[in-house]
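Structure file model-v6.csv with CSV, C-alpha atoms:
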```
chain,number,residue,atom,x,y,z
I,1,MET,CA,-94.0,9.0,33.2
I,2,SER,CA,-91.3,10.6,31.0
I,3,VAL,CA,-90.0,13.7,29.5
I,4,PHE,CA,-88.7,14.3,26.0
I,5,ALA,CA,-86.3,16.9,24.8
I,6,ARG,CA,-85.1,17.7,21.3
I,7,GLY,CA,-83.0,20.3,19.5
I,8,GLY,CA,-84.3,22.8,17.0
I,9,LEU,CA,-83.4,21.1,13.8
I,10,GLY,CA,-86.9,20.2,12.7
I,11,PRO,CA,-90.5,21.1,13.4
I,12,LEU,CA,-92.0,20.0,16.7
I,13,CYS,CA,-94.5,17.3,16.0
I,14,ALA,CA,-97.5,16.1,17.8
I,15,ALA,CA,-97.5,14.2,21.1
I,16,ALA,CA,-96.5,11.0,19.3
I,17,ARG,CA,-92.9,12.0,20.2
I,18,ALA,CA,-93.0,11.9,23.9
I,19,VAL,CA,-92.3,8.9,26.1
I,20,ILE,CA,-90.6,5.6,26.3
I,21,PRO,CA,-92.8,2.5,26.6
I,22,CYS,CA,-92.2,-0.2,29.1
I,23,LEU,CA,-92.4,-3.9,28.5
I,24,TRP,CA,-95.7,-5.5,29.2
I,25,ARG,CA,-97.1,-9.0,28.9
I,26,GLY,CA,-100.6,-10.5,28.9
I,27,LYS,CA,-103.6,-11.2,26.7
I,28,TYR,CA,-104.6,-8.7,24.1
I,29,PHE,CA,-108.2,-7.7,23.7
I,30,SER,CA,-109.8,-4.9,21.9
I,31,SER,CA,-112.9,-3.9,19.9
I,32,GLY,CA,-114.3,-1.3,17.6
I,33,ARG,CA,-114.8,-0.8,13.9
I,34,GLU,CA,-112.1,-0.1,11.5
I,35,PRO,CA,-111.5,3.6,11.3
I,36,ALA,CA,-112.7,5.4,8.1
I,37,GLU,CA,-109.3,6.9,7.4
I,38,THR,CA,-105.9,5.2,7.6
I,39,GLN,CA,-103.8,6.7,10.3
I,40,VAL,CA,-100.1,6.7,9.3
I,41,THR,CA,-98.4,5.8,12.5
I,42,PRO,CA,-94.7,5.0,13.1
I,43,MET,CA,-95.6,1.3,13.4
I,44,LEU,CA,-97.4,1.4,10.0
I,45,ARG,CA,-94.4,3.0,8.4
I,46,HIS,CA,-92.2,0.3,10.0
I,47,LEU,CA,-94.4,-2.4,8.6
I,48,ILE,CA,-94.4,-0.8,5.1
I,49,TYR,CA,-90.6,-0.5,5.1
I,50,LYS,CA,-90.3,-4.2,6.3
I,51,ILE,CA,-92.7,-5.5,3.6
I,52,LYS,CA,-90.9,-3.5,0.9
I,53,ALA,CA,-87.6,-4.9,2.0
I,54,THR,CA,-88.5,-8.6,2.6
I,55,GLY,CA,-91.9,-9.1,1.0
I,56,PRO,CA,-95.4,-9.9,2.4
I,57,ILE,CA,-95.5,-11.1,6.0
I,58,THR,CA,-97.8,-13.6,7.7
I,59,VAL,CA,-100.7,-12.7,9.9
I,60,ALA,CA,-98.8,-14.3,12.8
I,61,GLU,CA,-95.8,-12.1,12.1
I,62,TYR,CA,-98.0,-9.0,11.8
I,63,MET,CA,-99.6,-9.7,15.2
I,64,LYS,CA,-96.2,-10.3,16.8
I,65,GLU,CA,-94.8,-7.0,15.3
I,66,VAL,CA,-97.8,-5.0,16.5
I,67,LEU,CA,-98.7,-6.6,19.8
I,68,THR,CA,-95.8,-8.2,21.6
I,69,ASN,CA,-92.9,-5.8,21.4
I,70,PRO,CA,-93.5,-2.2,22.6
I,71,ALA,CA,-89.7,-2.0,22.9
I,72,LYS,CA,-89.7,-2.3,19.1
I,73,LEU,CA,-91.9,0.8,19.0
I,74,LEU,CA,-89.1,2.6,20.7
I,75,GLY,CA,-86.6,1.7,17.9
I,76,ILE,CA,-89.2,3.0,15.4
I,77,TRP,CA,-89.6,6.2,17.4
I,78,PHE,CA,-85.9,6.9,17.3
I,79,ILE,CA,-85.8,6.3,13.5
I,80,SER,CA,-88.8,8.6,13.1
I,81,GLU,CA,-87.1,11.3,15.1
I,82,TRP,CA,-83.9,10.9,13.0
I,83,MET,CA,-86.0,11.3,9.9
I,84,ALA,CA,-87.8,14.3,11.3
I,85,THR,CA,-84.5,16.1,12.1
I,86,GLY,CA,-83.2,15.8,8.6
I,87,LYS,CA,-81.7,12.3,8.2
I,88,ASN,CA,-78.3,13.3,9.4
I,89,ALA,CA,-75.4,11.2,8.0
I,90,ALA,CA,-74.4,10.2,11.6
I,91,PHE,CA,-76.7,8.5,14.1
I,92,GLN,CA,-75.3,8.1,17.6
I,93,LEU,CA,-77.5,6.1,20.0
I,94,VAL,CA,-76.5,6.8,23.5
I,95,GLU,CA,-78.0,4.9,26.4
I,96,LEU,CA,-77.5,5.9,30.1
I,97,GLY,CA,-77.5,2.9,32.4
I,98,PRO,CA,-78.3,0.2,29.9
I,99,GLY,CA,-78.9,-2.6,32.5
I,100,ARG,CA,-78.3,-5.9,30.9
I,101,GLY,CA,-78.5,-4.5,27.4
I,102,THR,CA,-81.9,-6.0,26.6
I,103,LEU,CA,-83.5,-2.7,25.5
I,104,ALA,CA,-80.5,-1.7,23.3
I,105,GLY,CA,-80.7,-5.2,21.7
I,106,ASP,CA,-84.4,-4.7,20.8
I,107,ILE,CA,-83.6,-1.3,19.2
I,108,LEU,CA,-80.7,-2.8,17.3
I,109,ARG,CA,-83.0,-5.5,15.8
I,110,VAL,CA,-85.3,-2.8,14.6
I,111,PHE,CA,-82.3,-1.0,13.0
I,112,SER,CA,-81.4,-4.2,11.2
I,113,GLN,CA,-85.0,-4.7,10.0
I,114,LEU,CA,-85.0,-1.2,8.6
I,115,GLY,CA,-81.5,-1.4,7.1
I,116,SER,CA,-82.8,-0.1,3.8
I,117,VAL,CA,-83.9,3.1,5.5
I,118,LEU,CA,-80.6,3.5,7.4
I,119,LYS,CA,-78.3,2.2,4.7
I,120,ASN,CA,-76.6,5.6,4.1
I,121,CYS,CA,-76.3,6.4,7.8
I,122,ASP,CA,-73.2,6.0,10.0
I,123,ILE,CA,-74.7,4.4,13.1
I,124,SER,CA,-72.8,3.8,16.3
I,125,ILE,CA,-73.9,2.7,19.8
I,126,HIS,CA,-72.5,4.4,23.0
I,127,LEU,CA,-73.3,3.0,26.4
I,128,VAL,CA,-72.6,4.9,29.7
I,129,GLU,CA,-72.1,2.3,32.3
I,130,VAL,CA,-70.0,2.5,35.5
I,131,SER,CA,-70.4,-1.1,36.6
I,132,ARG,CA,-67.8,-3.4,35.2
I,133,LYS,CA,-70.0,-6.5,35.9
I,134,LEU,CA,-72.9,-5.0,34.0
I,135,SER,CA,-70.8,-3.9,31.1
I,136,GLU,CA,-69.6,-7.5,30.6
I,137,ILE,CA,-73.2,-8.7,30.7
I,138,GLN,CA,-74.1,-6.0,28.1
I,139,ALA,CA,-71.3,-7.1,25.9
I,140,LEU,CA,-72.5,-10.7,26.0
I,141,THR,CA,-76.0,-9.6,25.0
I,142,LEU,CA,-75.0,-7.2,22.2
I,143,THR,CA,-71.6,-8.0,20.6
I,144,GLU,CA,-70.4,-10.4,18.1
I,145,GLU,CA,-68.6,-13.3,19.8
I,146,LYS,CA,-66.1,-13.9,16.9
I,147,ILE,CA,-64.8,-10.3,17.2
I,148,PRO,CA,-62.8,-9.8,20.4
I,149,LEU,CA,-63.5,-6.8,22.5
I,150,GLU,CA,-60.9,-4.1,22.9
I,151,ARG,CA,-60.3,-3.2,26.6
I,152,ASN,CA,-58.4,-0.3,28.1
I,153,ALA,CA,-59.2,0.3,31.7
I,154,GLY,CA,-57.3,3.6,31.8
I,155,SER,CA,-59.1,5.1,28.8
I,156,PRO,CA,-62.4,7.1,28.8
I,157,VAL,CA,-63.6,4.5,26.3
I,158,TYR,CA,-62.9,1.5,28.4
I,159,MET,CA,-64.3,-1.1,26.1
I,160,LYS,CA,-65.0,-1.3,22.3
I,161,GLY,CA,-66.6,-3.9,20.1
I,162,VAL,CA,-69.0,-4.6,17.2
I,163,THR,CA,-72.6,-5.6,17.7
I,164,LYS,CA,-74.1,-8.8,16.2
I,165,SER,CA,-75.4,-6.6,13.3
I,166,GLY,CA,-72.0,-5.1,12.6
I,167,ILE,CA,-72.4,-1.7,14.3
I,168,PRO,CA,-69.6,-0.2,16.4
I,169,ILE,CA,-70.3,-0.1,20.1
I,170,SER,CA,-68.3,1.6,22.9
I,171,TRP,CA,-68.5,1.9,26.7
I,172,TYR,CA,-67.9,4.9,28.9
I,173,ARG,CA,-68.0,5.7,32.6
I,174,ASP,CA,-69.2,9.3,32.1
I,175,LEU,CA,-71.5,11.1,29.6
I,176,HIS,CA,-68.9,13.8,29.2
I,177,ASP,CA,-66.6,11.2,27.5
I,178,VAL,CA,-69.1,10.3,24.8
I,179,PRO,CA,-68.2,12.0,21.5
I,180,LYS,CA,-70.4,15.0,20.6
I,181,GLY,CA,-72.4,14.6,17.5
I,182,HIS,CA,-75.9,14.2,16.2
I,183,SER,CA,-77.2,11.9,18.9
I,184,PHE,CA,-80.3,10.3,20.3
I,185,TYR,CA,-80.2,9.7,24.1
I,186,LEU,CA,-82.1,7.1,26.0
I,187,ALA,CA,-82.5,6.9,29.8
I,188,HIS,CA,-84.8,4.1,30.9
I,189,GLU,CA,-85.3,3.8,34.7
I,190,PHE,CA,-82.0,5.6,35.1
I,191,PHE,CA,-82.8,8.8,37.0
I,192,ASP,CA,-84.9,7.1,39.7
I,193,VAL,CA,-81.8,5.5,41.3
I,194,LEU,CA,-79.7,8.7,41.4
I,195,PRO,CA,-79.2,10.1,45.0
I,196,VAL,CA,-81.8,12.7,46.2
I,197,HIS,CA,-81.7,15.3,48.9
I,198,LYS,CA,-84.8,15.4,51.1
I,199,PHE,CA,-86.2,18.5,52.7
I,200,GLN,CA,-88.9,19.2,55.3
I,201,LYS,CA,-90.7,22.6,55.7
I,202,THR,CA,-90.5,23.7,59.3
I,203,PRO,CA,-91.5,27.0,61.2
I,204,GLN,CA,-87.9,28.0,60.8
I,205,GLY,CA,-87.8,27.3,57.1
I,206,TRP,CA,-86.6,24.4,55.0
I,207,ARG,CA,-84.5,21.8,56.8
I,208,GLU,CA,-82.7,19.0,55.1
I,209,VAL,CA,-83.4,15.4,56.3
I,210,PHE,CA,-80.3,13.7,57.6
I,211,ILE,CA,-79.6,10.1,58.7
I,212,ASP,CA,-78.2,9.6,62.1
I,213,ILE,CA,-77.6,6.8,64.7
I,214,ASP,CA,-80.6,6.2,66.9
I,215,PRO,CA,-79.4,7.2,70.5
I,216,GLN,CA,-81.7,4.5,71.9
I,217,VAL,CA,-80.3,1.7,69.8
I,218,SER,CA,-76.7,1.9,68.8
I,219,ASP,CA,-76.9,-0.3,65.7
I,220,LYS,CA,-80.1,1.3,64.3
I,221,LEU,CA,-80.4,4.3,62.0
I,222,ARG,CA,-83.0,7.1,62.0
I,223,PHE,CA,-84.1,10.2,60.1
I,224,VAL,CA,-83.4,13.6,61.7
I,225,LEU,CA,-83.6,17.2,60.6
I,226,ALA,CA,-80.6,19.4,60.1
I,227,PRO,CA,-80.3,22.2,62.8
I,228,CYS,CA,-79.7,24.9,60.2
I,229,VAL,CA,-79.7,25.7,56.5
I,230,THR,CA,-77.6,23.3,54.3
I,231,PRO,CA,-76.0,24.1,50.9
I,232,ALA,CA,-78.4,21.8,48.9
I,233,GLU,CA,-81.3,24.1,49.9
I,234,VAL,CA,-80.4,26.3,46.9
I,235,PHE,CA,-82.1,23.7,44.7
I,236,ILE,CA,-85.6,24.3,46.2
I,237,GLN,CA,-87.9,26.6,44.2
I,238,ARG,CA,-88.7,29.9,46.0
I,239,ASP,CA,-92.4,29.4,45.3
I,240,GLU,CA,-92.4,25.7,46.4
I,241,MET,CA,-95.9,24.9,47.9
I,242,ARG,CA,-95.2,21.3,49.1
I,243,ASP,CA,-94.1,20.7,52.7
I,244,HIS,CA,-91.7,18.0,51.8
I,245,VAL,CA,-89.5,17.8,48.6
I,246,GLU,CA,-86.8,15.7,47.1
I,247,VAL,CA,-84.3,17.2,44.7
I,248,CYS,CA,-81.6,15.4,42.7
I,249,PRO,CA,-78.8,17.8,41.7
I,250,GLU,CA,-77.0,15.0,39.8
I,251,ALA,CA,-80.0,14.6,37.6
I,252,GLY,CA,-80.0,18.3,36.9
I,253,ILE,CA,-76.4,18.2,35.8
I,254,ILE,CA,-77.0,15.3,33.4
I,255,ILE,CA,-80.1,17.0,31.9
I,256,GLN,CA,-78.1,20.2,31.4
I,257,GLU,CA,-75.3,18.2,29.6
I,258,LEU,CA,-77.9,16.5,27.4
I,259,SER,CA,-79.6,19.7,26.6
I,260,GLN,CA,-76.4,21.5,25.6
I,261,ARG,CA,-75.3,18.6,23.4
I,262,ILE,CA,-78.7,18.5,21.6
I,263,ALA,CA,-78.7,22.3,21.2
I,264,LEU,CA,-75.2,22.1,19.7
I,265,THR,CA,-75.3,19.1,17.4
I,266,GLY,CA,-79.0,18.1,17.1
I,267,GLY,CA,-80.9,15.0,18.1
I,268,ALA,CA,-83.3,14.2,20.9
I,269,ALA,CA,-83.4,12.6,24.4
I,270,LEU,CA,-86.1,10.2,25.7
I,271,ILE,CA,-86.4,9.6,29.4
I,272,ALA,CA,-88.7,7.0,31.0
I,273,ASP,CA,-89.0,6.5,34.7
I,274,TYR,CA,-91.3,6.3,37.6
I,275,GLY,CA,-92.0,9.9,38.4
I,276,HIS,CA,-94.3,12.9,38.8
I,277,ASP,CA,-94.6,16.5,37.6
I,278,GLY,CA,-93.7,18.3,40.8
I,279,THR,CA,-96.7,17.0,42.8
I,280,LYS,CA,-95.4,14.2,45.1
I,281,THR,CA,-93.5,14.6,48.3
I,282,ASP,CA,-91.9,11.6,50.1
I,283,THR,CA,-91.2,8.9,47.5
I,284,PHE,CA,-87.9,7.5,48.8
I,285,ARG,CA,-88.3,3.8,49.3
I,286,GLY,CA,-86.6,0.5,49.2
I,287,PHE,CA,-87.3,-2.8,47.5
I,288,CYS,CA,-86.0,-6.3,48.4
I,289,GLY,CA,-87.2,-9.3,46.6
I,290,HIS,CA,-89.8,-7.1,44.8
I,291,LYS,CA,-91.3,-6.1,48.1
I,292,LEU,CA,-91.2,-2.8,49.9
I,293,HIS,CA,-88.4,-2.6,52.4
I,294,ASP,CA,-87.5,-0.1,55.1
I,295,VAL,CA,-84.8,2.1,53.6
I,296,LEU,CA,-82.8,2.3,56.9
I,297,THR,CA,-83.0,-1.4,57.8
I,298,ALA,CA,-80.1,-3.7,56.7
I,299,PRO,CA,-78.6,-1.2,54.3
I,300,GLY,CA,-77.0,-2.8,51.3
I,301,THR,CA,-79.6,-5.5,51.0
I,302,ALA,CA,-82.3,-3.6,49.2
I,303,ASP,CA,-82.6,-1.4,46.0
I,304,LEU,CA,-83.2,2.2,46.8
I,305,THR,CA,-85.2,4.5,44.6
I,306,ALA,CA,-87.0,7.8,44.5
I,307,ASP,CA,-89.6,9.0,42.0
I,308,VAL,CA,-88.2,11.4,39.3
I,309,ASP,CA,-89.5,15.0,39.6
I,310,PHE,CA,-89.9,15.8,35.9
I,311,SER,CA,-90.8,19.4,36.6
I,312,TYR,CA,-87.2,19.8,38.0
I,313,LEU,CA,-85.7,18.1,34.9
I,314,ARG,CA,-87.8,20.4,32.6
I,315,ARG,CA,-86.5,23.5,34.4
I,316,MET,CA,-82.9,22.3,34.0
I,317,ALA,CA,-83.5,22.0,30.2
I,318,GLU,CA,-85.1,25.5,29.8
I,319,GLY,CA,-83.3,27.8,27.4
I,320,GLU,CA,-81.5,25.1,25.5
I,321,VAL,CA,-84.1,22.7,24.0
I,322,ALA,CA,-87.8,22.2,23.6
I,323,SER,CA,-89.2,19.9,26.3
I,324,LEU,CA,-92.4,17.8,26.0
I,325,GLY,CA,-94.1,15.7,28.6
I,326,PRO,CA,-94.2,13.9,30.9
I,327,ILE,CA,-97.0,11.7,29.5
I,328,LYS,CA,-98.1,8.2,30.5
I,329,GLN,CA,-96.7,5.1,28.8
I,330,GLN,CA,-100.3,4.2,27.8
I,331,THR,CA,-100.5,7.5,25.9
I,332,PHE,CA,-97.3,6.8,24.1
I,333,LEU,CA,-98.5,3.4,22.9
I,334,LYS,CA,-101.7,4.9,21.7
I,335,ASN,CA,-99.9,7.7,19.9
I,336,MET,CA,-97.7,5.2,18.2
I,337,GLY,CA,-100.9,3.5,16.8
I,338,ILE,CA,-101.1,0.4,18.9
I,339,ASP,CA,-104.8,0.8,19.7
I,340,VAL,CA,-105.7,1.2,16.0
I,341,ARG,CA,-104.0,-2.0,15.3
I,342,LEU,CA,-105.7,-3.8,18.1
I,343,LYS,CA,-109.1,-2.7,16.9
I,344,ARG,CA,-108.4,-3.9,13.4
I,345,LEU,CA,-107.3,-7.3,14.6
I,346,HIS,CA,-110.3,-7.7,16.9
I,347,GLY,CA,-112.7,-6.7,14.1
I,348,ARG,CA,-111.2,-9.3,11.8
I,349,SER,CA,-110.6,-12.1,14.3
I,350,HIS,CA,-113.7,-11.9,16.6
I,351,PRO,CA,-116.9,-11.7,14.7
I,352,MET,CA,-120.1,-12.5,16.6
I,353,ASN,CA,-121.2,-16.1,16.0
I,354,ALA,CA,-124.7,-17.5,16.2
I,355,CYS,CA,-124.2,-18.8,19.8
I,356,GLN,CA,-123.5,-15.3,21.1
I,357,SER,CA,-126.3,-13.1,22.3
I,358,LYS,CA,-123.9,-10.1,22.3
I,359,PRO,CA,-120.5,-9.2,20.9
I,360,SER,CA,-117.5,-10.6,22.8
I,361,VAL,CA,-116.0,-8.4,25.6
I,362,SER,CA,-114.4,-5.6,24.0
I,363,PRO,CA,-112.4,-2.7,25.1
I,364,VAL,CA,-109.2,-1.7,24.5
I,365,ALA,CA,-110.2,-2.8,28.1
I,366,GLY,CA,-107.4,-5.2,27.8
I,367,PHE,CA,-105.0,-2.6,26.4
I,368,GLY,CA,-105.7,-0.1,29.1
I,369,GLU,CA,-104.9,-2.7,31.8
I,370,LEU,CA,-101.7,-3.9,30.2
I,371,ALA,CA,-100.0,-0.5,30.0
I,372,TRP,CA,-98.3,0.8,33.1
I,373,ARG,CA,-99.7,4.1,34.3
```

Represent the structure of the file as structure tokens.
Amino acid sequence: MSVFARGGLGPLCAAARAVIPCLWRGKYFSSGREPAETQVTPMLRHLIYKIKATGPITVAEYMKEVLTNPAKLLGIWFISEWMATGKNAAFQLVELGPGRGTLAGDILRVFSQLGSVLKNCDISIHLVEVSRKLSEIQALTLTEEKIPLERNAGSPVYMKGVTKSGIPISWYRDLHDVPKGHSFYLAHEFFDVLPVHKFQKTPQGWREVFIDIDPQVSDKLRFVLAPCVTPAEVFIQRDEMRDHVEVCPEAGIIIQELSQRIALTGGAALIADYGHDGTKTDTFRGFCGHKLHDVLTAPGTADLTADVDFSYLRRMAEGEVASLGPIKQQTFLKNMGIDVRLKRLHGRSHPMNACQSKPSVSPVAGFGELAWR
């Protein structure tokens, strides 16, 4: 589901550093005996830091920490990466396409809870957002109301403020305008909305898919093939085996920029999206009201998306940084230790009683179904 890249400032660790989780909701079921050895996961470290800072926590709070906020695991993941890369004095969190600012808010709450760990670190938040409307929504979600925002439409930094936890936050239209420094980059469902070029293999070679007016119906659009080679064909791999491919040059440019920044100043990038590892073909689709919608019908009324080709992103990062993944969100959660916590909670909370002829339904069955695949 995602790919992870990091600079060479620290040892590459196991697959625990790999992918962004997505929000999930539902009931939580699990089973199994408590493991013989204590597995020191990022979540366990987070709980230890929290207890040291504020004292013992209730069982209810423990369950909430472990089970109901995978987004919180993301904040812990970033702190873990910051520690693994040497605890740099500066910590820039840069999010591409922050949506309504909800995910950034969750991460900031983790930063506040682990203030004792980050107390000597100069943290700043940098949001890359081209939509004025969304940037205003993000500001309402993240900033302190009592401190007025600074606005300058003509500046690369078009808005500045202070978060509710007192951290400086800035908005930019382009990644190039974000200050270079030890940074951790987040792109959650960002790359799947970038424009793609579509190509079809023909007896004459690759031909790009165009959109034209249907000659039979004047107000209807249709797909056609270009009559000859187009410039974007250069992005297709020479050994490409698929008969239909989608390429996103803009995504490649962004990945190259991220890779160069990480190689220069250190840090990591975490990318989470609907995607594949160079195996899918035609994924361009539309959604209207959470239902599939013909991409050429009533343009402007549906959201358009195409699955991210992580094999292409990985090629764009080669030679600059190490690249890991993609892996599934479920694997990320397991690597962060959530299944171990579920097993412990189930073992303590669901003993077999006298009326039961067999133990209650077990698996991490529930866990597996909850995680997006």

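Of the residues under consideration (I:Glu189, I:Thr265, I:Ile213, I:Ile253), I:Glu189 shows the shortest atom-to-atom contact distance to Thr305 in chain I when counting all atoms listed in the file.
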
Spatial neighbours of Gly115 in chain I, 12 Å, only C-alpha atoms, chain gap at least 2 places, as a PyMOL selection string: chain I and resi 46+49-50+52-54+79+108-113+117-123+165-167

Write a file of the just-selected residues containing C-alpha atoms, as a short mmCIF file (atom, residue, chain, number, x, y, z; two decimals), in the coordinates of the input.
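Output file again_34.cif is given in full below:
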```
data_model
loop_
_atom_site.label_atom_id
_atom_site.label_comp_id
_atom_site.auth_asym_id
_atom_site.auth_seq_id
_atom_site.Cartn_x
_atom_site.Cartn_y
_atom_site.Cartn_z
CA HIS I 46 -92.20 0.30 10.00
CA TYR I 49 -90.60 -0.50 5.10
CA LYS I 50 -90.30 -4.20 6.30
CA LYS I 52 -90.90 -3.50 0.90
CA ALA I 53 -87.60 -4.90 2.00
CA THR I 54 -88.50 -8.60 2.60
CA ILE I 79 -85.80 6.30 13.50
CA LEU I 108 -80.70 -2.80 17.30
CA ARG I 109 -83.00 -5.50 15.80
CA VAL I 110 -85.30 -2.80 14.60
CA PHE I 111 -82.30 -1.00 13.00
CA SER I 112 -81.40 -4.20 11.20
CA GLN I 113 -85.00 -4.70 10.00
CA VAL I 117 -83.90 3.10 5.50
CA LEU I 118 -80.60 3.50 7.40
CA LYS I 119 -78.30 2.20 4.70
CA ASN I 120 -76.60 5.60 4.10
CA CYS I 121 -76.30 6.40 7.80
CA ASP I 122 -73.20 6.00 10.00
CA ILE I 123 -74.70 4.40 13.10
CA SER I 165 -75.40 -6.60 13.30
CA GLY I 166 -72.00 -5.10 12.60
CA ILE I 167 -72.40 -1.70 14.30
#
```

Residue neighbourhood Thr283 in chain I, 10 Å, all atoms listed in the file, exclusion window fewer than 5 positions, as a list of chain:residue names: I:Lys198, I:Val245, I:Glu246, I:Gly275, I:Thr305, I:Ala306, I:Asp307, I:Val308

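Picture a line from CA of Asp303 in chain I to CA of Arg100 in chain I; it runs 16.3 Å.
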
Which of these, I:Thr297, I:Pro326, I:His182, I:Ser218, has the shortest distance to Gln260 in chain I once you count only C-alpha atoms? I:His182

CA of Ala268 in chain I and CA of Ser183 in chain I are how many Å apart? 6.8 Å

Using the incomplete input, complete range 284-297 of chain I to the level of N, CA, C and O atoms; output as a PDB file, in the coordinates of the input.
```
ATOM      1  N   PHE I 284     -89.049   8.353  48.593  1.00  0.00           N
ATOM      2  CA  PHE I 284     -87.900   7.500  48.800  1.00  0.00           C
ATOM      3  C   PHE I 284     -88.267   6.213  49.468  1.00  0.00           C
ATOM      4  O   PHE I 284     -88.930   6.175  50.503  1.00  0.00           O
ATOM      5  N   ARG I 285     -87.908   5.114  48.818  1.00  0.00           N
ATOM      6  CA  ARG I 285     -88.300   3.800  49.300  1.00  0.00           C
ATOM      7  C   ARG I 285     -87.307   2.743  48.895  1.00  0.00           C
ATOM      8  O   ARG I 285     -86.468   2.955  48.026  1.00  0.00           O
ATOM      9  N   GLY I 286     -87.437   1.570  49.526  1.00  0.00           N
ATOM     10  CA  GLY I 286     -86.600   0.500  49.200  1.00  0.00           C
ATOM     11  C   GLY I 286     -87.341  -0.755  48.787  1.00  0.00           C
ATOM     12  O   GLY I 286     -88.507  -0.937  49.164  1.00  0.00           O
ATOM     13  N   PHE I 287     -86.687  -1.599  47.977  1.00  0.00           N
ATOM     14  CA  PHE I 287     -87.300  -2.800  47.500  1.00  0.00           C
ATOM     15  C   PHE I 287     -86.312  -3.979  47.707  1.00  0.00           C
ATOM     16  O   PHE I 287     -85.148  -3.879  47.328  1.00  0.00           O
ATOM     17  N   CYS I 288     -86.810  -5.052  48.289  1.00  0.00           N
ATOM     18  CA  CYS I 288     -86.000  -6.300  48.400  1.00  0.00           C
ATOM     19  C   CYS I 288     -86.849  -7.446  48.045  1.00  0.00           C
ATOM     20  O   CYS I 288     -87.920  -7.659  48.619  1.00  0.00           O
ATOM     21  N   GLY I 289     -86.401  -8.175  47.057  1.00  0.00           N
ATOM     22  CA  GLY I 289     -87.200  -9.300  46.600  1.00  0.00           C
ATOM     23  C   GLY I 289     -88.538  -8.832  46.032  1.00  0.00           C
ATOM     24  O   GLY I 289     -89.549  -9.503  46.218  1.00  0.00           O
ATOM     25  N   HIS I 290     -88.552  -7.679  45.363  1.00  0.00           N
ATOM     26  CA  HIS I 290     -89.800  -7.100  44.800  1.00  0.00           C
ATOM     27  C   HIS I 290     -90.808  -6.698  45.801  1.00  0.00           C
ATOM     28  O   HIS I 290     -91.970  -6.496  45.468  1.00  0.00           O
ATOM     29  N   LYS I 291     -90.408  -6.582  47.060  1.00  0.00           N
ATOM     30  CA  LYS I 291     -91.300  -6.100  48.100  1.00  0.00           C
ATOM     31  C   LYS I 291     -90.749  -4.868  48.762  1.00  0.00           C
ATOM     32  O   LYS I 291     -89.528  -4.674  48.813  1.00  0.00           O
ATOM     33  N   LEU I 292     -91.660  -4.001  49.256  1.00  0.00           N
ATOM     34  CA  LEU I 292     -91.200  -2.800  49.900  1.00  0.00           C
ATOM     35  C   LEU I 292     -90.377  -3.157  51.157  1.00  0.00           C
ATOM     36  O   LEU I 292     -90.660  -4.127  51.871  1.00  0.00           O
ATOM     37  N   HIS I 293     -89.337  -2.353  51.374  1.00  0.00           N
ATOM     38  CA  HIS I 293     -88.400  -2.600  52.400  1.00  0.00           C
ATOM     39  C   HIS I 293     -87.994  -1.323  53.092  1.00  0.00           C
ATOM     40  O   HIS I 293     -87.775  -0.314  52.418  1.00  0.00           O
ATOM     41  N   ASP I 294     -87.914  -1.313  54.418  1.00  0.00           N
ATOM     42  CA  ASP I 294     -87.500  -0.100  55.100  1.00  0.00           C
ATOM     43  C   ASP I 294     -86.124   0.341  54.672  1.00  0.00           C
ATOM     44  O   ASP I 294     -85.163  -0.431  54.722  1.00  0.00           O
ATOM     45  N   VAL I 295     -86.039   1.596  54.229  1.00  0.00           N
ATOM     46  CA  VAL I 295     -84.800   2.100  53.600  1.00  0.00           C
ATOM     47  C   VAL I 295     -83.625   2.126  54.610  1.00  0.00           C
ATOM     48  O   VAL I 295     -82.452   2.119  54.194  1.00  0.00           O
ATOM     49  N   LEU I 296     -83.912   2.182  55.902  1.00  0.00           N
ATOM     50  CA  LEU I 296     -82.800   2.300  56.900  1.00  0.00           C
ATOM     51  C   LEU I 296     -82.538   0.941  57.571  1.00  0.00           C
ATOM     52  O   LEU I 296     -81.672   0.867  58.441  1.00  0.00           O
ATOM     53  N   THR I 297     -83.224  -0.102  57.185  1.00  0.00           N
ATOM     54  CA  THR I 297     -83.000  -1.400  57.800  1.00  0.00           C
ATOM     55  C   THR I 297     -82.099  -2.260  56.855  1.00  0.00           C
ATOM     56  O   THR I 297     -82.325  -2.348  55.651  1.00  0.00           O
TER      57      THR I 297
END
```
